[in-house]
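File shown here: structure29.pdb, holding PDB, C-alpha atoms, pLDDT in the B column.
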```
ATOM      1  CA  MET Y   1      77.318  62.023  23.518  1.00 60.00           C
ATOM      2  CA  LYS Y   2      76.190  64.817  25.858  1.00 62.00           C
ATOM      3  CA  LYS Y   3      73.974  66.193  23.090  1.00 62.00           C
ATOM      4  CA  VAL Y   4      72.303  62.809  22.629  1.00 60.00           C
ATOM      5  CA  ILE Y   5      71.645  62.474  26.390  1.00 66.00           C
ATOM      6  CA  LEU Y   6      70.366  66.057  26.657  1.00 57.00           C
ATOM      7  CA  SER Y   7      68.176  65.558  23.588  1.00 63.00           C
ATOM      8  CA  GLY Y   8      66.768  62.352  25.092  1.00 60.00           C
ATOM      9  CA  ILE Y   9      66.014  64.105  28.372  1.00 66.00           C
ATOM     10  CA  PHE Y  10      64.397  66.998  26.485  1.00 62.00           C
ATOM     11  CA  VAL Y  11      62.185  64.592  24.497  1.00 57.00           C
ATOM     12  CA  ALA Y  12      61.208  62.661  27.639  1.00 61.00           C
ATOM     13  CA  VAL Y  13      60.318  65.860  29.530  1.00 59.00           C
ATOM     14  CA  THR Y  14      58.314  67.143  26.548  1.00 65.00           C
ATOM     15  CA  ILE Y  15      56.364  63.870  26.254  1.00 66.00           C
ATOM     16  CA  PHE Y  16      55.719  63.882  30.029  1.00 61.00           C
ATOM     17  CA  ASN Y  17      54.430  67.488  29.901  1.00 64.00           C
ATOM     18  CA  VAL Y  18      52.134  66.766  26.941  1.00 56.00           C
ATOM     19  CA  GLN Y  19      50.717  63.674  28.669  1.00 58.00           C
ATOM     20  CA  ALA Y  20      50.197  65.595  31.913  1.00 55.00           C
ATOM     21  CA  GLN Y  21      48.339  68.348  30.060  1.00 58.00           C
ATOM     22  CA  ASN Y  22      46.136  65.824  28.263  1.00 57.00           C
ATOM     23  CA  GLN Y  23      45.077  64.097  31.471  1.00 60.00           C
ATOM     24  CA  GLU Y  24      41.736  65.412  32.660  1.00 62.00           C
ATOM     25  CA  VAL Y  25      41.726  66.561  36.236  1.00 65.00           C
ATOM     26  CA  THR Y  26      38.451  65.819  37.977  1.00 70.00           C
ATOM     27  CA  PRO Y  27      37.470  68.899  39.957  1.00 71.00           C
ATOM     28  CA  GLN Y  28      36.401  68.501  43.564  1.00 92.00           C
ATOM     29  CA  TYR Y  29      32.912  69.794  44.266  1.00 94.00           C
ATOM     30  CA  GLU Y  30      31.007  71.007  47.251  1.00 94.00           C
ATOM     31  CA  VAL Y  31      27.268  70.390  47.397  1.00 95.00           C
ATOM     32  CA  LYS Y  32      24.567  72.531  49.014  1.00 96.00           C
ATOM     33  CA  VAL Y  33      20.953  71.513  49.566  1.00 97.00           C
ATOM     34  CA  ILE Y  34      18.156  74.063  49.971  1.00 97.00           C
ATOM     35  CA  THR Y  35      14.808  72.631  51.103  1.00 96.00           C
ATOM     36  CA  SER Y  36      11.388  74.217  50.833  1.00 96.00           C
ATOM     37  CA  VAL Y  37       8.650  72.821  53.054  1.00 93.00           C
ATOM     38  CA  GLU Y  38       5.195  74.105  52.166  1.00 90.00           C
ATOM     39  CA  SER Y  39       2.245  73.256  54.377  1.00 86.00           C
ATOM     40  CA  ILE Y  40      -0.869  71.594  53.013  1.00 81.00           C
ATOM     41  CA  VAL Y  41      -3.026  72.176  56.079  1.00 77.00           C
ATOM     42  CA  PRO Y  42      -6.461  73.846  55.892  1.00 72.00           C
ATOM     43  CA  SER Y  43      -7.121  77.183  57.589  1.00 71.00           C
ATOM     44  CA  GLY Y  44      -3.480  78.239  57.340  1.00 67.00           C
ATOM     45  CA  LEU Y  45      -2.507  76.345  60.487  1.00 76.00           C
ATOM     46  CA  GLY Y  46       0.643  74.760  59.063  1.00 79.00           C
ATOM     47  CA  ARG Y  47       4.161  76.161  58.861  1.00 87.00           C
ATOM     48  CA  SER Y  48       6.049  76.699  55.614  1.00 92.00           C
ATOM     49  CA  ARG Y  49       9.768  77.442  55.403  1.00 95.00           C
ATOM     50  CA  LEU Y  50      12.793  77.578  53.133  1.00 96.00           C
ATOM     51  CA  ILE Y  51      15.703  75.906  54.986  1.00 96.00           C
ATOM     52  CA  SER Y  52      19.444  76.053  54.315  1.00 96.00           C
ATOM     53  CA  ALA Y  53      22.048  74.549  56.676  1.00 95.00           C
ATOM     54  CA  ASN Y  54      25.024  76.767  57.532  1.00 94.00           C
ATOM     55  CA  ALA Y  55      26.899  73.957  59.289  1.00 93.00           C
ATOM     56  CA  ASP Y  56      28.681  71.035  57.681  1.00 91.00           C
ATOM     57  CA  ARG Y  57      28.394  67.411  58.713  1.00 90.00           C
ATOM     58  CA  ASP Y  58      30.591  64.509  57.629  1.00 89.00           C
ATOM     59  CA  PHE Y  59      28.258  61.579  56.982  1.00 89.00           C
ATOM     60  CA  GLU Y  60      31.050  59.121  57.804  1.00 88.00           C
ATOM     61  CA  GLU Y  61      30.927  60.206  61.462  1.00 88.00           C
ATOM     62  CA  PHE Y  62      27.356  58.899  61.633  1.00 89.00           C
ATOM     63  CA  THR Y  63      27.702  55.816  59.435  1.00 87.00           C
ATOM     64  CA  SER Y  64      28.255  52.221  60.488  1.00 86.00           C
ATOM     65  CA  GLN Y  65      28.691  49.113  58.376  1.00 85.00           C
ATOM     66  CA  ARG Y  66      26.503  46.126  59.173  1.00 85.00           C
ATOM     67  CA  THR Y  67      27.374  42.654  58.077  1.00 86.00           C
ATOM     68  CA  GLU Y  68      26.070  39.195  58.845  1.00 87.00           C
ATOM     69  CA  GLU Y  69      28.872  38.830  61.398  1.00 87.00           C
ATOM     70  CA  ASN Y  70      28.565  42.356  62.832  1.00 84.00           C
ATOM     71  CA  ASN Y  71      24.950  43.423  63.302  1.00 83.00           C
ATOM     72  CA  THR Y  72      25.704  46.182  65.832  1.00 82.00           C
ATOM     73  CA  ARG Y  73      23.352  49.132  65.542  1.00 83.00           C
ATOM     74  CA  ASN Y  74      24.549  52.641  64.761  1.00 84.00           C
ATOM     75  CA  LYS Y  75      25.356  54.413  68.038  1.00 83.00           C
ATOM     76  CA  ALA Y  76      25.552  57.970  66.657  1.00 86.00           C
ATOM     77  CA  LYS Y  77      23.955  60.488  69.015  1.00 88.00           C
ATOM     78  CA  ARG Y  78      21.106  62.550  67.571  1.00 89.00           C
ATOM     79  CA  LYS Y  79      22.407  65.657  69.333  1.00 90.00           C
ATOM     80  CA  ASN Y  80      25.671  65.347  67.362  1.00 89.00           C
ATOM     81  CA  ILE Y  81      23.843  64.978  64.046  1.00 90.00           C
ATOM     82  CA  ARG Y  82      21.411  67.859  64.599  1.00 92.00           C
ATOM     83  CA  VAL Y  83      22.302  71.174  62.925  1.00 93.00           C
ATOM     84  CA  LYS Y  84      21.392  74.265  64.923  1.00 93.00           C
ATOM     85  CA  ASP Y  85      23.095  76.744  62.597  1.00 95.00           C
ATOM     86  CA  PHE Y  86      20.739  77.180  59.651  1.00 95.00           C
ATOM     87  CA  GLU Y  87      18.955  79.824  57.629  1.00 96.00           C
ATOM     88  CA  GLU Y  88      15.160  79.756  57.896  1.00 96.00           C
ATOM     89  CA  THR Y  89      13.066  81.847  55.515  1.00 97.00           C
ATOM     90  CA  LYS Y  90       9.353  82.098  56.217  1.00 96.00           C
ATOM     91  CA  LEU Y  91       7.032  81.042  53.412  1.00 95.00           C
ATOM     92  CA  LEU Y  92       3.257  81.286  53.243  1.00 92.00           C
ATOM     93  CA  ASN Y  93       0.977  78.274  53.590  1.00 88.00           C
ATOM     94  CA  PHE Y  94      -0.913  76.969  50.551  1.00 85.00           C
ATOM     95  CA  PHE Y  95      -4.209  77.289  52.424  1.00 81.00           C
ATOM     96  CA  ASN Y  96      -5.928  79.924  54.544  1.00 79.00           C
ATOM     97  CA  LEU Y  97      -9.434  80.077  56.037  1.00 78.00           C
ATOM     98  CA  GLY Y  98     -10.920  80.542  52.556  1.00 79.00           C
ATOM     99  CA  GLY Y  99      -9.154  77.502  51.041  1.00 78.00           C
ATOM    100  CA  ILE Y 100      -6.266  77.319  48.603  1.00 82.00           C
ATOM    101  CA  ARG Y 101      -4.548  80.692  48.270  1.00 86.00           C
ATOM    102  CA  PHE Y 102      -2.905  81.185  44.861  1.00 92.00           C
ATOM    103  CA  GLN Y 103      -1.427  84.506  45.974  1.00 93.00           C
ATOM    104  CA  ASN Y 104       0.501  82.619  48.665  1.00 91.00           C
ATOM    105  CA  ILE Y 105       1.857  80.197  46.068  1.00 92.00           C
ATOM    106  CA  ALA Y 106       2.993  83.111  43.871  1.00 96.00           C
ATOM    107  CA  SER Y 107       4.616  84.767  46.915  1.00 96.00           C
ATOM    108  CA  ASN Y 108       6.496  81.557  47.753  1.00 95.00           C
ATOM    109  CA  ASP Y 109       7.625  81.269  44.136  1.00 96.00           C
ATOM    110  CA  ALA Y 110       9.031  84.813  44.286  1.00 98.00           C
ATOM    111  CA  ILE Y 111      10.921  84.117  47.526  1.00 97.00           C
ATOM    112  CA  ILE Y 112      12.283  80.773  46.315  1.00 97.00           C
ATOM    113  CA  SER Y 113      13.296  82.363  42.975  1.00 97.00           C
ATOM    114  CA  SER Y 114      15.166  85.057  44.895  1.00 97.00           C
ATOM    115  CA  LYS Y 115      17.094  82.426  46.886  1.00 97.00           C
ATOM    116  CA  LEU Y 116      17.892  80.370  43.773  1.00 97.00           C
ATOM    117  CA  THR Y 117      19.071  83.511  41.949  1.00 97.00           C
ATOM    118  CA  GLN Y 118      21.357  84.355  44.876  1.00 97.00           C
ATOM    119  CA  MET Y 119      22.818  80.844  44.853  1.00 96.00           C
ATOM    120  CA  LEU Y 120      23.484  81.044  41.099  1.00 97.00           C
ATOM    121  CA  SER Y 121      25.155  84.461  41.508  1.00 97.00           C
ATOM    122  CA  GLU Y 122      27.463  82.902  44.135  1.00 96.00           C
ATOM    123  CA  GLY Y 123      28.730  80.392  41.573  1.00 96.00           C
ATOM    124  CA  TRP Y 124      26.486  77.464  42.482  1.00 97.00           C
ATOM    125  CA  ASP Y 125      25.024  75.332  39.672  1.00 97.00           C
ATOM    126  CA  LEU Y 126      21.561  73.862  40.153  1.00 97.00           C
ATOM    127  CA  SER Y 127      22.130  70.137  39.575  1.00 96.00           C
ATOM    128  CA  PHE Y 128      18.888  68.478  40.675  1.00 96.00           C
ATOM    129  CA  VAL Y 129      15.426  69.314  41.941  1.00 97.00           C
ATOM    130  CA  VAL Y 130      13.576  66.611  43.867  1.00 96.00           C
ATOM    131  CA  SER Y 131      10.084  67.002  45.292  1.00 94.00           C
ATOM    132  CA  GLY Y 132       7.340  65.019  46.935  1.00 91.00           C
ATOM    133  CA  VAL Y 133       4.202  65.221  49.016  1.00 86.00           C
ATOM    134  CA  GLU Y 134       3.743  63.676  52.450  1.00 81.00           C
ATOM    135  CA  SER Y 135       0.315  63.067  53.883  1.00 75.00           C
ATOM    136  CA  LYS Y 136      -1.102  60.749  56.518  1.00 69.00           C
ATOM    137  CA  GLY Y 137      -3.686  59.484  54.022  1.00 65.00           C
ATOM    138  CA  GLY Y 138      -7.065  57.977  54.666  1.00 68.00           C
ATOM    139  CA  ASP Y 139     -10.586  59.341  54.654  1.00 72.00           C
ATOM    140  CA  GLY Y 140     -10.902  62.985  55.610  1.00 70.00           C
ATOM    141  CA  ASP Y 141      -7.148  63.526  55.919  1.00 68.00           C
ATOM    142  CA  GLU Y 142      -6.330  67.098  54.961  1.00 69.00           C
ATOM    143  CA  PHE Y 143      -2.860  67.338  56.445  1.00 75.00           C
ATOM    144  CA  GLY Y 144       0.514  67.144  54.779  1.00 81.00           C
ATOM    145  CA  ILE Y 145       3.548  68.927  53.426  1.00 85.00           C
ATOM    146  CA  TYR Y 146       4.948  69.567  49.998  1.00 88.00           C
ATOM    147  CA  ILE Y 147       8.733  69.354  50.114  1.00 92.00           C
ATOM    148  CA  THR Y 148      11.236  70.315  47.425  1.00 96.00           C
ATOM    149  CA  ARG Y 149      14.998  69.904  47.587  1.00 97.00           C
ATOM    150  CA  TYR Y 150      17.200  72.056  45.374  1.00 97.00           C
ATOM    151  CA  ILE Y 151      20.634  70.441  45.067  1.00 97.00           C
ATOM    152  CA  PHE Y 152      23.486  72.727  43.998  1.00 97.00           C
ATOM    153  CA  LYS Y 153      27.152  72.081  43.296  1.00 96.00           C
ATOM    154  CA  ARG Y 154      30.239  74.188  42.579  1.00 95.00           C
ATOM    155  CA  PRO Y 155      33.970  73.548  42.384  1.00 94.00           C
ATOM    156  CA  LYS Y 156      35.541  73.662  45.859  1.00 89.00           C
ATOM    157  CA  SER Y 157      38.025  76.344  44.847  1.00 75.00           C
ATOM    158  CA  GLN Y 158      35.180  78.867  44.365  1.00 54.00           C
ATOM    159  CA  LYS Y 159      33.924  80.630  47.468  1.00 53.00           C
TER     160      LYS Y 159
END
```
Translate the structure described by the file into structure tokens.
Amino acid sequence: MKKVILSGIFVAVTIFNVQAQNQEVTPQYEVKVITSVESIVPSGLGRSRLISANADRDFEEFTSQRTEENNTRNKAKRKNIRVKDFEETKLLNFFNLGGIRFQNIASNDAIISSKLTQMLSEGWDLSFVVSGVESKGGDGDEFGIYITRYIFKRPKSQK
């Protein structure tokens, strides 16, 4: 009788272990966003930068839920949202006094490539790249920025 009970326990434990091994564990990820802002302002008057936050923020601290019954506005303070601990890398503007400057674009590409290569060597995977142009618009408007966001992820256990 003891052998039957022990055999049953052994079979149950074996089945449990096999099922546990077959279950996929979803890894937890951390996400990092690097943003390039490149000026589209004639005469080189704009500012271009590569920005990377060094501080974390929990979006839930600054999020409120609005409903038909509760239409209270979000009372989060801007000073609490603002990140003052960030990495700022100078980039060159697309334009100078002579017009569009292709050498500046190539220089920015080299700097951005260097940053992306560093991120990849630190175990980050480039997941998405999102870009857009912002301009005031209208006749004679020559002002704007070209912004690109590089969105990386890596498993939380890697540092």
For the PyMOL selection byres ((chain Y and resi 49-52) around 10), applied here, can you spell out every residue it catches as an mmCIF file with C-alpha atoms, in the coordinates of the input?
```cif
data_model
loop_
_atom_site.group_PDB
_atom_site.id
_atom_site.type_symbol
_atom_site.label_atom_id
_atom_site.label_comp_id
_atom_site.auth_asym_id
_atom_site.auth_seq_id
_atom_site.Cartn_x
_atom_site.Cartn_y
_atom_site.Cartn_z
ATOM 1 C CA LYS Y 32 24.567 72.531 49.014
ATOM 2 C CA VAL Y 33 20.953 71.513 49.566
ATOM 3 C CA ILE Y 34 18.156 74.063 49.971
ATOM 4 C CA THR Y 35 14.808 72.631 51.103
ATOM 5 C CA SER Y 36 11.388 74.217 50.833
ATOM 6 C CA VAL Y 37 8.650 72.821 53.054
ATOM 7 C CA GLU Y 38 5.195 74.105 52.166
ATOM 8 C CA SER Y 39 2.245 73.256 54.377
ATOM 9 C CA ARG Y 47 4.161 76.161 58.861
ATOM 10 C CA SER Y 48 6.049 76.699 55.614
ATOM 11 C CA ALA Y 53 22.048 74.549 56.676
ATOM 12 C CA ASN Y 54 25.024 76.767 57.532
ATOM 13 C CA ALA Y 55 26.899 73.957 59.289
ATOM 14 C CA ASP Y 85 23.095 76.744 62.597
ATOM 15 C CA PHE Y 86 20.739 77.180 59.651
ATOM 16 C CA GLU Y 87 18.955 79.824 57.629
ATOM 17 C CA GLU Y 88 15.160 79.756 57.896
ATOM 18 C CA THR Y 89 13.066 81.847 55.515
ATOM 19 C CA LYS Y 90 9.353 82.098 56.217
ATOM 20 C CA LEU Y 91 7.032 81.042 53.412
ATOM 21 C CA LEU Y 92 3.257 81.286 53.243
ATOM 22 C CA ASN Y 93 0.977 78.274 53.590
ATOM 23 C CA ASN Y 108 6.496 81.557 47.753
ATOM 24 C CA ILE Y 111 10.921 84.117 47.526
ATOM 25 C CA ILE Y 112 12.283 80.773 46.315
ATOM 26 C CA LYS Y 115 17.094 82.426 46.886
ATOM 27 C CA ILE Y 147 8.733 69.354 50.114
ATOM 28 C CA THR Y 148 11.236 70.315 47.425
ATOM 29 C CA ARG Y 149 14.998 69.904 47.587
#
```
Residues selected by the PyMOL selection byres ((chain Y and resi 76) around 12), written as a list in words: Phe59, Glu60, Glu61, Phe62, Thr63, Ser64, Thr72, Arg73, Asn74, Lys75, Lys77, Arg78, Lys79, Asn80, Ile81 and Arg82 of chain Y
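Reported to one decimal place, the separation of atom CA of Y:Gln65 from atom CA of Y:Ser127 is 29.0 Å.
Of the listed residues Y:Ile151, Y:Ile100, Y:Val130, Y:Val31, the one whose atoms come nearest to Y:Leu116 is Y:Ile151, with distances taken using all atoms listed in the file.
Shortest separation to Y:Leu45 among Y:Gly144, Y:Asp139, Y:Glu68, Y:Val133 occurs at residue Y:Gly144, atoms counted being all atoms listed in the file.
Straight-line separation from atom CA of Y:Ser107 to atom CA of Y:Lys153: 26.1 Å.
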